[in-house]
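What follows is one structure encoded as C-alpha cells, with my remarks underneath.
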Amino acid sequence: MSEKTLMEMTSLDVRAEFGWRRRLRRATVVSCFLAAAGLRLVALDRYPTPLHQDELSDIYDGYSIATTGADRAGDDWPILVRGMGPGDYHPGLYAYLAAASTWIGGFSVWWGRLPAALAGIATVWFVYATGRRILGDAGGLLALAFITFSPIHIQYSRQAHQGACLVPLFVILCTYTCIRAFDRMRSIRPSIPWSSILLCGFVLGFSTNCYAGQRLTALLFALFALAWIIAHAAAARCRARRVIAVAPAFVLAVVLGASPQLYAVASEPAHFFARGETTFFRFSSGPRWWLETLGTNLLANLDPRYLFLSFGEYHTLSIARLGAVMLPFFYVGLVACCVIPFLRRRLDLALIPAAMAFSLLPGLATEGQPSPMRTSGVWALYPIVGAHGAVVIHQLILHPLWSRARSLVQRRPLPDGRGPVSAVILLAISVNGVWDVQRYLASPAMHARAAQPQFVALGDWVREHGAGYDRIYVAAEGLFGHLYLAAFSGMSSSEYRAAPRDAAVRGLGWEKPTRFGRFFFQAYERAAEDWSASPQTERWLVLAAEGPLAEFGPARLPPLARGD
C-alpha cells in the first residue's frame, strides 16, 4: 500500500471520527434545548399555582392595552405602569408582551405567562451561545445543561413577572452582544465593526425598559463596554476619525434604546424613582457603613447554602436556586473568571465577572438581602461560571503531568478522557435536574407559595354564578383581591376604570381597597350590619375563601338557580 493511500485512509478516519463527535454534540444540544422548552412550557397555567399578584398586574395591564390602548389605570400607551399602588410604578415592557399574547388568545393564565416562557427559552439559547463563544464547544454544552435544569430559571421562566423572566434574558443578551462586538474588533483590526457596536449599544439601552434595577445594571454595562471599545480602537491604531467617532455612535445607540425610560424620567420623575425610594439604602449612612453592608450582602449572595442547598425555602418568588451538582464547579469557575482574563491579558474575558457585579449591585444596595428577585440577572450568568469551573477541572484532570503520573502508577496507557468526563458531568446534571423537578411537582406547597388561588377560584365562581348579586362581600384574606375578582369575573378594562372604589395606601405605597365596584372586602359581621341598616331591597352575597358563605335578600325573591 502506497504512502499516499495510507495518508488518505488516515484522513478519512479522522474526518469520520470528528464527524461522529460533531453529530453527537449536535444531538445533545438539540436534546437539551427541547428539554428546556418542555420544562418551561408544559402545564404553564398550573405550575406554579396561579397567580401571584405581580403576575396578574402585568397580565391584566397587557389585556387592557390590547383591548383599549390604555392600562387599567387609564394611561394611554404607558411607559411606566402602576402596580400595587402609587409607590409601585415599573417599566411596562412585560405588559406590552402580555398585550400581544392576550390579543391573540384572550385573557388567561396560560396566554399571560407565555411571554415569560418564551423569554426563558431565549435565555437558554443565549447562555449556550455565550458559553460556546467564551469556553468552546464543551463549555457551551455544559452551560446549556446547567441552565436547562436550573431550578430557579425554570421557575422564573414560568412566572409573568418582569423581574423574573426579562432581566435574565437581557443580562445574557447584553453580555453576548458585548462579547460579540469585542471579538469582531479583535478579528478585523484595524477596522471598526460598526454594526456589532451599534447593536450592542442599542441592546444595552433597551434593557432599561424591562425592570427598575436593570437601569443601573445597563448603565454600568454601557460604561464598561464604552471604555473597552475606545481603548481597543486606539490600541489597534484605527484612524483617528474612527476612534473619535466610535464613542458618540455607541452612546447614541444606547440613548436610542433607552429613550422610553429617558422620556419617563423627564416627564414623570416621581413615578420613575417611586420604587427605589422604598427599597434602597440611604446615602447618608457614610462610606464605611456602605462598604460593610455591600460586603456582607455580597457574601450572603454567594453563600453555598443559599445558592445550592436551600430547595423548598421560599424567598421572593423562588423556592430553589441552582442545582446541587454545580456546587463544586461554581466556586472554581468564579476564581477562574476573575483570574484568567488577567493571566492571558484578555480583558474582554473579564466581562463575565463584571456582568455579575453589575447584576448584583442593585440587590446589594437594597434592604432584605439576599433577594433572588433583585439579583435575577445573575441566574443567567451562573451556569456559564459553573461551566467555566468544569472546564478548568477537566483540563486539570487531563493535564500531561498528571496523566503521566497516573500512567506510571497504573503501568498502562491512559485513554483520552475528554468524552467520558463530559458525559459523566452531563449525566449528573440531568439526574439532579430530574430529581429537582420531581421534588417540586410532588409538593403542592412548593408550587402554591405566594400564589392566591382563593381569589382566582372566587373570580371564576362570580363569573359563572354571581350575575344576580348587587353586592358581594369578600371575607377572604390576601393581597390585591379586587384585581383578581375583576379579572377573573370577566370585568372589562373600561368597567375596571369606571368602578367606584375606596382604598387606603399602606407604608410601601400599596393600596388596600375596602370597596371596588360591587365588591366589598369586609367580614361577614360587617355585611350583616350593613344589611340591617339598608332598605333590604337588593340581593347580597358573602364569599369566604372556600366559596359562598351567606346570602341576604328580600324574602319575596326566589333564590338564584346555580349549577353548584
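Quick note on naming: the chains in the C-alpha cells go A, B, ... in the order shown, residues restart at 1 in each chain, and ligands are numbered from 1 in order of appearance.
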Could you give me, as a PyMOL selection string, the residues within 6 Å of region 57-63 of chain A, counting only C-alpha atoms and dropping anything in the same chain fewer than 5 positions from it? chain A and resi 71-72+95-96+98-99+102+112
Export, as an mmCIF file, in the first residue's frame, the selected residues with C-alpha atoms.
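Written file, result_32.cif:
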```cif
data_model
loop_
_atom_site.group_PDB
_atom_site.id
_atom_site.type_symbol
_atom_site.label_atom_id
_atom_site.label_comp_id
_atom_site.auth_asym_id
_atom_site.auth_seq_id
_atom_site.Cartn_x
_atom_site.Cartn_y
_atom_site.Cartn_z
ATOM 1 C CA ASP A 71 -53.554 50.263 31.011
ATOM 2 C CA ARG A 72 -56.024 49.626 33.817
ATOM 3 C CA ALA A 95 -47.316 44.488 29.886
ATOM 4 C CA TYR A 96 -46.797 45.048 26.154
ATOM 5 C CA ALA A 98 -48.717 40.282 27.532
ATOM 6 C CA ALA A 99 -50.793 42.604 25.340
ATOM 7 C CA THR A 102 -53.665 38.132 25.192
ATOM 8 C CA GLY A 112 -50.409 35.725 30.099
#
```
So which residues touch region 384-396 of chain A within 9 Å, counting only C-alpha atoms, skipping near sequence neighbours fewer than 6 positions away, as an MDAnalysis selection string? chainID A and resid 127:128 130:131 134:135 138:144 146:147 326:337 352:353 402 417:418 421:422 425
Give the helix (DSSP H, G or I) residues of region 170-412 of chain A, as DSSP finds them on the backbone, and put them as a VMD selection string. chain A and resid 170 to 187 194 to 209 214 to 235 240 to 257 259 to 267 269 to 272 274 to 279 283 to 285 287 to 301 304 to 308 324 to 343 347 to 364 376 to 380 382 to 397 400 to 410
Go through region 142-183 of chain A residue by residue and, counting only C-alpha atoms, keep those with an atom at most 12 Å from region 36-44 of chain A; for each kept residue give the shortest atom pair and its distance in Å to one decimal, ordered by chain and increasing number, as a Markdown table.
```
| residue | atom | partner | partner_atom | distance |
| --- | --- | --- | --- | --- |
| A:Leu144 | CA | A:Ala36 | CA | 9.1 |
| A:Ala145 | CA | A:Ala36 | CA | 8.9 |
| A:Phe146 | CA | A:Ala36 | CA | 10.3 |
| A:Ile147 | CA | A:Ala36 | CA | 8.2 |
| A:Thr148 | CA | A:Ala36 | CA | 4.8 |
| A:Phe149 | CA | A:Ala36 | CA | 7.2 |
| A:Ser150 | CA | A:Ala36 | CA | 9.5 |
| A:Pro151 | CA | A:Leu39 | CA | 10.0 |
| A:Ile152 | CA | A:Arg40 | CA | 11.4 |
| A:His153 | CA | A:Arg40 | CA | 9.0 |
| A:Ile154 | CA | A:Arg40 | CA | 6.0 |
| A:Gln155 | CA | A:Arg40 | CA | 7.9 |
| A:Tyr156 | CA | A:Arg40 | CA | 9.1 |
| A:Ser157 | CA | A:Arg40 | CA | 6.1 |
| A:Arg158 | CA | A:Arg40 | CA | 6.0 |
| A:Gln159 | CA | A:Leu44 | CA | 8.7 |
| A:Ala160 | CA | A:Leu44 | CA | 10.5 |
| A:Cys165 | CA | A:Arg40 | CA | 11.1 |
```
File dump, residues just selected, N, CA and C atoms, as a JSON list (two decimals), in the first residue's frame:
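The resulting file, part.json, is shown below:
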```
[["chain", "number", "residue", "atom", "x", "y", "z"],
["A", 144, "LEU", "N", -25.19, 25.04, 28.75],
["A", 144, "LEU", "CA", -26.55, 24.74, 28.30],
["A", 144, "LEU", "C", -27.22, 23.75, 29.25],
["A", 145, "ALA", "N", -26.50, 22.72, 29.67],
["A", 145, "ALA", "CA", -27.08, 21.73, 30.59],
["A", 145, "ALA", "C", -27.40, 22.36, 31.93],
["A", 146, "PHE", "N", -26.50, 23.21, 32.44],
["A", 146, "PHE", "CA", -26.75, 23.85, 33.73],
["A", 146, "PHE", "C", -27.99, 24.75, 33.68],
["A", 147, "ILE", "N", -28.14, 25.55, 32.62],
["A", 147, "ILE", "CA", -29.29, 26.45, 32.55],
["A", 147, "ILE", "C", -30.57, 25.69, 32.24],
["A", 148, "THR", "N", -30.48, 24.59, 31.49],
["A", 148, "THR", "CA", -31.67, 23.80, 31.18],
["A", 148, "THR", "C", -32.34, 23.30, 32.43],
["A", 149, "PHE", "N", -31.55, 22.81, 33.39],
["A", 149, "PHE", "CA", -32.10, 22.21, 34.61],
["A", 149, "PHE", "C", -31.95, 23.12, 35.83],
["A", 150, "SER", "N", -31.69, 24.41, 35.62],
["A", 150, "SER", "CA", -31.57, 25.34, 36.74],
["A", 150, "SER", "C", -32.94, 25.52, 37.40],
["A", 151, "PRO", "N", -33.12, 25.10, 38.65],
["A", 151, "PRO", "CA", -34.44, 25.20, 39.27],
["A", 151, "PRO", "C", -35.00, 26.62, 39.30],
["A", 152, "ILE", "N", -34.15, 27.60, 39.62],
["A", 152, "ILE", "CA", -34.67, 28.96, 39.72],
["A", 152, "ILE", "C", -35.03, 29.50, 38.33],
["A", 153, "HIS", "N", -34.25, 29.16, 37.31],
["A", 153, "HIS", "CA", -34.58, 29.68, 35.99],
["A", 153, "HIS", "C", -35.82, 29.02, 35.42],
["A", 154, "ILE", "N", -36.02, 27.73, 35.70],
["A", 154, "ILE", "CA", -37.26, 27.09, 35.28],
["A", 154, "ILE", "C", -38.45, 27.78, 35.91],
["A", 155, "GLN", "N", -38.35, 28.04, 37.21],
["A", 155, "GLN", "CA", -39.47, 28.68, 37.91],
["A", 155, "GLN", "C", -39.69, 30.11, 37.43],
["A", 156, "TYR", "N", -38.63, 30.86, 37.25],
["A", 156, "TYR", "CA", -38.77, 32.24, 36.81],
["A", 156, "TYR", "C", -39.28, 32.32, 35.36],
["A", 157, "SER", "N", -38.99, 31.30, 34.55],
["A", 157, "SER", "CA", -39.49, 31.30, 33.18],
["A", 157, "SER", "C", -40.98, 30.96, 33.11],
["A", 158, "ARG", "N", -41.56, 30.55, 34.21],
["A", 158, "ARG", "CA", -42.97, 30.16, 34.25],
["A", 158, "ARG", "C", -43.80, 31.17, 35.04],
["A", 159, "GLN", "N", -43.24, 32.36, 35.27],
["A", 159, "GLN", "CA", -43.94, 33.39, 36.02],
["A", 159, "GLN", "C", -43.94, 34.70, 35.23],
["A", 160, "ALA", "N", -45.11, 35.28, 35.10],
["A", 160, "ALA", "CA", -45.26, 36.51, 34.31],
["A", 160, "ALA", "C", -44.86, 37.73, 35.12],
["A", 165, "CYS", "N", -38.43, 36.99, 34.55],
["A", 165, "CYS", "CA", -38.19, 36.39, 33.23],
["A", 165, "CYS", "C", -37.42, 37.30, 32.28]]
```
Per residue of region 81-197 of chain A within 12 Å of region 249-262 of chain A, note the shortest atom pair and the distance in Å to one decimal, counting only C-alpha atoms, and order the rows by chain and increasing residue number, as JSON lines.
```
{"residue": "A:His90", "atom": "CA", "partner": "A:Gln261", "partner_atom": "CA", "distance": 10.3}
{"residue": "A:Pro91", "atom": "CA", "partner": "A:Gln261", "partner_atom": "CA", "distance": 7.9}
{"residue": "A:Gly92", "atom": "CA", "partner": "A:Gln261", "partner_atom": "CA", "distance": 10.1}
{"residue": "A:Leu93", "atom": "CA", "partner": "A:Pro260", "partner_atom": "CA", "distance": 10.3}
{"residue": "A:Cys174", "atom": "CA", "partner": "A:Val254", "partner_atom": "CA", "distance": 11.5}
{"residue": "A:Cys178", "atom": "CA", "partner": "A:Phe250", "partner_atom": "CA", "distance": 11.6}
{"residue": "A:Ala181", "atom": "CA", "partner": "A:Phe250", "partner_atom": "CA", "distance": 11.4}
{"residue": "A:Ile192", "atom": "CA", "partner": "A:Ala249", "partner_atom": "CA", "distance": 11.6}
{"residue": "A:Pro193", "atom": "CA", "partner": "A:Phe250", "partner_atom": "CA", "distance": 11.4}
{"residue": "A:Trp194", "atom": "CA", "partner": "A:Ala249", "partner_atom": "CA", "distance": 8.6}
{"residue": "A:Ser195", "atom": "CA", "partner": "A:Phe250", "partner_atom": "CA", "distance": 10.2}
{"residue": "A:Ser196", "atom": "CA", "partner": "A:Phe250", "partner_atom": "CA", "distance": 10.0}
{"residue": "A:Ile197", "atom": "CA", "partner": "A:Phe250", "partner_atom": "CA", "distance": 6.5}
```
Those same residues - N, CA and C atoms - I'd like them written as a PDB file, in the first residue's frame.
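What follows is the written file out-v9.pdb:
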```
ATOM      1  N   HIS A  90     -43.378  50.714  37.577  1.00  0.00           N
ATOM      2  CA  HIS A  90     -42.245  49.992  36.998  1.00  0.00           C
ATOM      3  C   HIS A  90     -42.351  50.026  35.484  1.00  0.00           C
ATOM      4  N   PRO A  91     -41.243  49.754  34.749  1.00  0.00           N
ATOM      5  CA  PRO A  91     -41.298  49.747  33.283  1.00  0.00           C
ATOM      6  C   PRO A  91     -42.332  48.756  32.767  1.00  0.00           C
ATOM      7  N   GLY A  92     -42.978  49.116  31.683  1.00  0.00           N
ATOM      8  CA  GLY A  92     -44.121  48.346  31.213  1.00  0.00           C
ATOM      9  C   GLY A  92     -43.842  47.396  30.070  1.00  0.00           C
ATOM     10  N   LEU A  93     -42.593  46.952  29.880  1.00  0.00           N
ATOM     11  CA  LEU A  93     -42.293  46.094  28.743  1.00  0.00           C
ATOM     12  C   LEU A  93     -43.081  44.798  28.798  1.00  0.00           C
ATOM     13  N   CYS A 174     -27.164  41.259  26.756  1.00  0.00           N
ATOM     14  CA  CYS A 174     -26.147  42.314  26.818  1.00  0.00           C
ATOM     15  C   CYS A 174     -24.742  41.717  26.832  1.00  0.00           C
ATOM     16  N   CYS A 178     -22.028  42.255  23.768  1.00  0.00           N
ATOM     17  CA  CYS A 178     -20.740  42.888  24.088  1.00  0.00           C
ATOM     18  C   CYS A 178     -19.580  41.999  23.681  1.00  0.00           C
ATOM     19  N   ALA A 181     -19.205  41.950  19.933  1.00  0.00           N
ATOM     20  CA  ALA A 181     -18.576  43.165  19.426  1.00  0.00           C
ATOM     21  C   ALA A 181     -17.080  43.171  19.724  1.00  0.00           C
ATOM     22  N   ILE A 192     -13.341  49.003  12.296  1.00  0.00           N
ATOM     23  CA  ILE A 192     -14.293  49.033  13.409  1.00  0.00           C
ATOM     24  C   ILE A 192     -15.602  48.408  12.941  1.00  0.00           C
ATOM     25  N   PRO A 193     -16.084  47.349  13.616  1.00  0.00           N
ATOM     26  CA  PRO A 193     -17.348  46.698  13.230  1.00  0.00           C
ATOM     27  C   PRO A 193     -18.547  47.517  13.707  1.00  0.00           C
ATOM     28  N   TRP A 194     -18.942  48.480  12.902  1.00  0.00           N
ATOM     29  CA  TRP A 194     -19.969  49.423  13.344  1.00  0.00           C
ATOM     30  C   TRP A 194     -21.287  48.731  13.678  1.00  0.00           C
ATOM     31  N   SER A 195     -21.689  47.750  12.879  1.00  0.00           N
ATOM     32  CA  SER A 195     -22.985  47.109  13.121  1.00  0.00           C
ATOM     33  C   SER A 195     -23.004  46.402  14.469  1.00  0.00           C
ATOM     34  N   SER A 196     -21.930  45.693  14.816  1.00  0.00           N
ATOM     35  CA  SER A 196     -21.874  44.989  16.108  1.00  0.00           C
ATOM     36  C   SER A 196     -21.855  45.973  17.268  1.00  0.00           C
ATOM     37  N   ILE A 197     -21.117  47.062  17.136  1.00  0.00           N
ATOM     38  CA  ILE A 197     -21.023  48.048  18.205  1.00  0.00           C
ATOM     39  C   ILE A 197     -22.367  48.754  18.416  1.00  0.00           C
TER      40      ILE A 197
END
```
What gap, in Å, lies between CA of Val109 (chain A) and CA of Asp45 (chain A)? 5.4 Å
Within 12 Å of region 500-516 of chain A: each region 38-83 of chain A residue with its shortest pair, only C-alpha atoms, as a tab-separated table:
```
residue	atom	partner	partner_atom	distance
A:Gln53	CA	A:Trp510	CA	11.9
A:Asp54	CA	A:Trp510	CA	11.9
A:Arg82	CA	A:Trp510	CA	10.2
A:Gly83	CA	A:Trp510	CA	8.3
```
Selection: 7 Å around region 468-484 of chain A, only C-alpha atoms, excl. self and same-chain fewer than 4 positions, as a PyMOL selection string: chain A and resi 53+455-456+459+488+512+516+518-524+527+538-545
Could you write those residues out with N, CA and C atoms, as a PDB file, in the first residue's frame?
```pdb
ATOM      1  N   GLN A  53     -49.747  38.200  42.632  1.00  0.00           N
ATOM      2  CA  GLN A  53     -50.371  39.484  42.303  1.00  0.00           C
ATOM      3  C   GLN A  53     -49.554  40.302  41.308  1.00  0.00           C
ATOM      4  N   PHE A 455     -58.522  33.674  45.375  1.00  0.00           N
ATOM      5  CA  PHE A 455     -59.140  34.770  44.625  1.00  0.00           C
ATOM      6  C   PHE A 455     -59.414  34.362  43.171  1.00  0.00           C
ATOM      7  N   VAL A 456     -58.527  33.541  42.594  1.00  0.00           N
ATOM      8  CA  VAL A 456     -58.777  33.047  41.243  1.00  0.00           C
ATOM      9  C   VAL A 456     -60.059  32.218  41.221  1.00  0.00           C
ATOM     10  N   GLY A 459     -63.101  34.480  41.708  1.00  0.00           N
ATOM     11  CA  GLY A 459     -63.411  35.202  40.487  1.00  0.00           C
ATOM     12  C   GLY A 459     -64.112  34.329  39.469  1.00  0.00           C
ATOM     13  N   PHE A 488     -60.893  37.845  36.832  1.00  0.00           N
ATOM     14  CA  PHE A 488     -61.428  36.504  36.622  1.00  0.00           C
ATOM     15  C   PHE A 488     -62.950  36.453  36.624  1.00  0.00           C
ATOM     16  N   LYS A 512     -54.808  49.154  49.589  1.00  0.00           N
ATOM     17  CA  LYS A 512     -55.617  48.086  50.173  1.00  0.00           C
ATOM     18  C   LYS A 512     -57.071  48.521  50.095  1.00  0.00           C
ATOM     19  N   PHE A 516     -64.572  47.955  45.843  1.00  0.00           N
ATOM     20  CA  PHE A 516     -64.247  48.110  44.435  1.00  0.00           C
ATOM     21  C   PHE A 516     -65.469  47.669  43.632  1.00  0.00           C
ATOM     22  N   ARG A 518     -68.919  46.541  42.930  1.00  0.00           N
ATOM     23  CA  ARG A 518     -69.885  45.870  43.806  1.00  0.00           C
ATOM     24  C   ARG A 518     -69.214  44.937  44.805  1.00  0.00           C
ATOM     25  N   PHE A 519     -67.869  44.899  44.786  1.00  0.00           N
ATOM     26  CA  PHE A 519     -67.139  44.048  45.724  1.00  0.00           C
ATOM     27  C   PHE A 519     -66.760  44.852  46.969  1.00  0.00           C
ATOM     28  N   PHE A 520     -67.041  44.292  48.143  1.00  0.00           N
ATOM     29  CA  PHE A 520     -66.702  44.903  49.433  1.00  0.00           C
ATOM     30  C   PHE A 520     -65.830  43.906  50.191  1.00  0.00           C
ATOM     31  N   PHE A 521     -64.664  44.359  50.593  1.00  0.00           N
ATOM     32  CA  PHE A 521     -63.711  43.470  51.253  1.00  0.00           C
ATOM     33  C   PHE A 521     -63.847  43.640  52.768  1.00  0.00           C
ATOM     34  N   GLN A 522     -64.889  42.996  53.290  1.00  0.00           N
ATOM     35  CA  GLN A 522     -65.247  43.082  54.697  1.00  0.00           C
ATOM     36  C   GLN A 522     -65.637  41.697  55.198  1.00  0.00           C
ATOM     37  N   ALA A 523     -65.642  41.532  56.504  1.00  0.00           N
ATOM     38  CA  ALA A 523     -66.015  40.256  57.107  1.00  0.00           C
ATOM     39  C   ALA A 523     -67.530  40.076  57.097  1.00  0.00           C
ATOM     40  N   TYR A 524     -67.959  38.874  57.434  1.00  0.00           N
ATOM     41  CA  TYR A 524     -69.395  38.563  57.451  1.00  0.00           C
ATOM     42  C   TYR A 524     -70.144  39.476  58.418  1.00  0.00           C
ATOM     43  N   ALA A 527     -70.938  42.703  56.849  1.00  0.00           N
ATOM     44  CA  ALA A 527     -72.005  42.536  55.857  1.00  0.00           C
ATOM     45  C   ALA A 527     -73.372  42.485  56.527  1.00  0.00           C
ATOM     46  N   GLU A 538     -82.170  44.733  47.885  1.00  0.00           N
ATOM     47  CA  GLU A 538     -81.217  44.162  46.939  1.00  0.00           C
ATOM     48  C   GLU A 538     -80.862  42.734  47.337  1.00  0.00           C
ATOM     49  N   ARG A 539     -80.032  42.143  46.523  1.00  0.00           N
ATOM     50  CA  ARG A 539     -79.549  40.791  46.827  1.00  0.00           C
ATOM     51  C   ARG A 539     -78.036  40.864  47.051  1.00  0.00           C
ATOM     52  N   TRP A 540     -77.584  40.434  48.218  1.00  0.00           N
ATOM     53  CA  TRP A 540     -76.188  40.484  48.588  1.00  0.00           C
ATOM     54  C   TRP A 540     -75.659  39.073  48.810  1.00  0.00           C
ATOM     55  N   LEU A 541     -74.328  38.944  48.673  1.00  0.00           N
ATOM     56  CA  LEU A 541     -73.674  37.644  48.867  1.00  0.00           C
ATOM     57  C   LEU A 541     -72.398  37.850  49.674  1.00  0.00           C
ATOM     58  N   VAL A 542     -72.112  36.904  50.545  1.00  0.00           N
ATOM     59  CA  VAL A 542     -70.859  36.902  51.299  1.00  0.00           C
ATOM     60  C   VAL A 542     -70.050  35.691  50.841  1.00  0.00           C
ATOM     61  N   LEU A 543     -68.814  35.949  50.390  1.00  0.00           N
ATOM     62  CA  LEU A 543     -67.919  34.908  49.933  1.00  0.00           C
ATOM     63  C   LEU A 543     -66.765  34.731  50.907  1.00  0.00           C
ATOM     64  N   ALA A 544     -66.511  33.493  51.308  1.00  0.00           N
ATOM     65  CA  ALA A 544     -65.297  33.159  52.049  1.00  0.00           C
ATOM     66  C   ALA A 544     -64.294  32.559  51.077  1.00  0.00           C
ATOM     67  N   ALA A 545     -63.118  32.222  51.567  1.00  0.00           N
ATOM     68  CA  ALA A 545     -62.096  31.668  50.683  1.00  0.00           C
ATOM     69  C   ALA A 545     -62.555  30.363  50.042  1.00  0.00           C
TER      70      ALA A 545
END
```
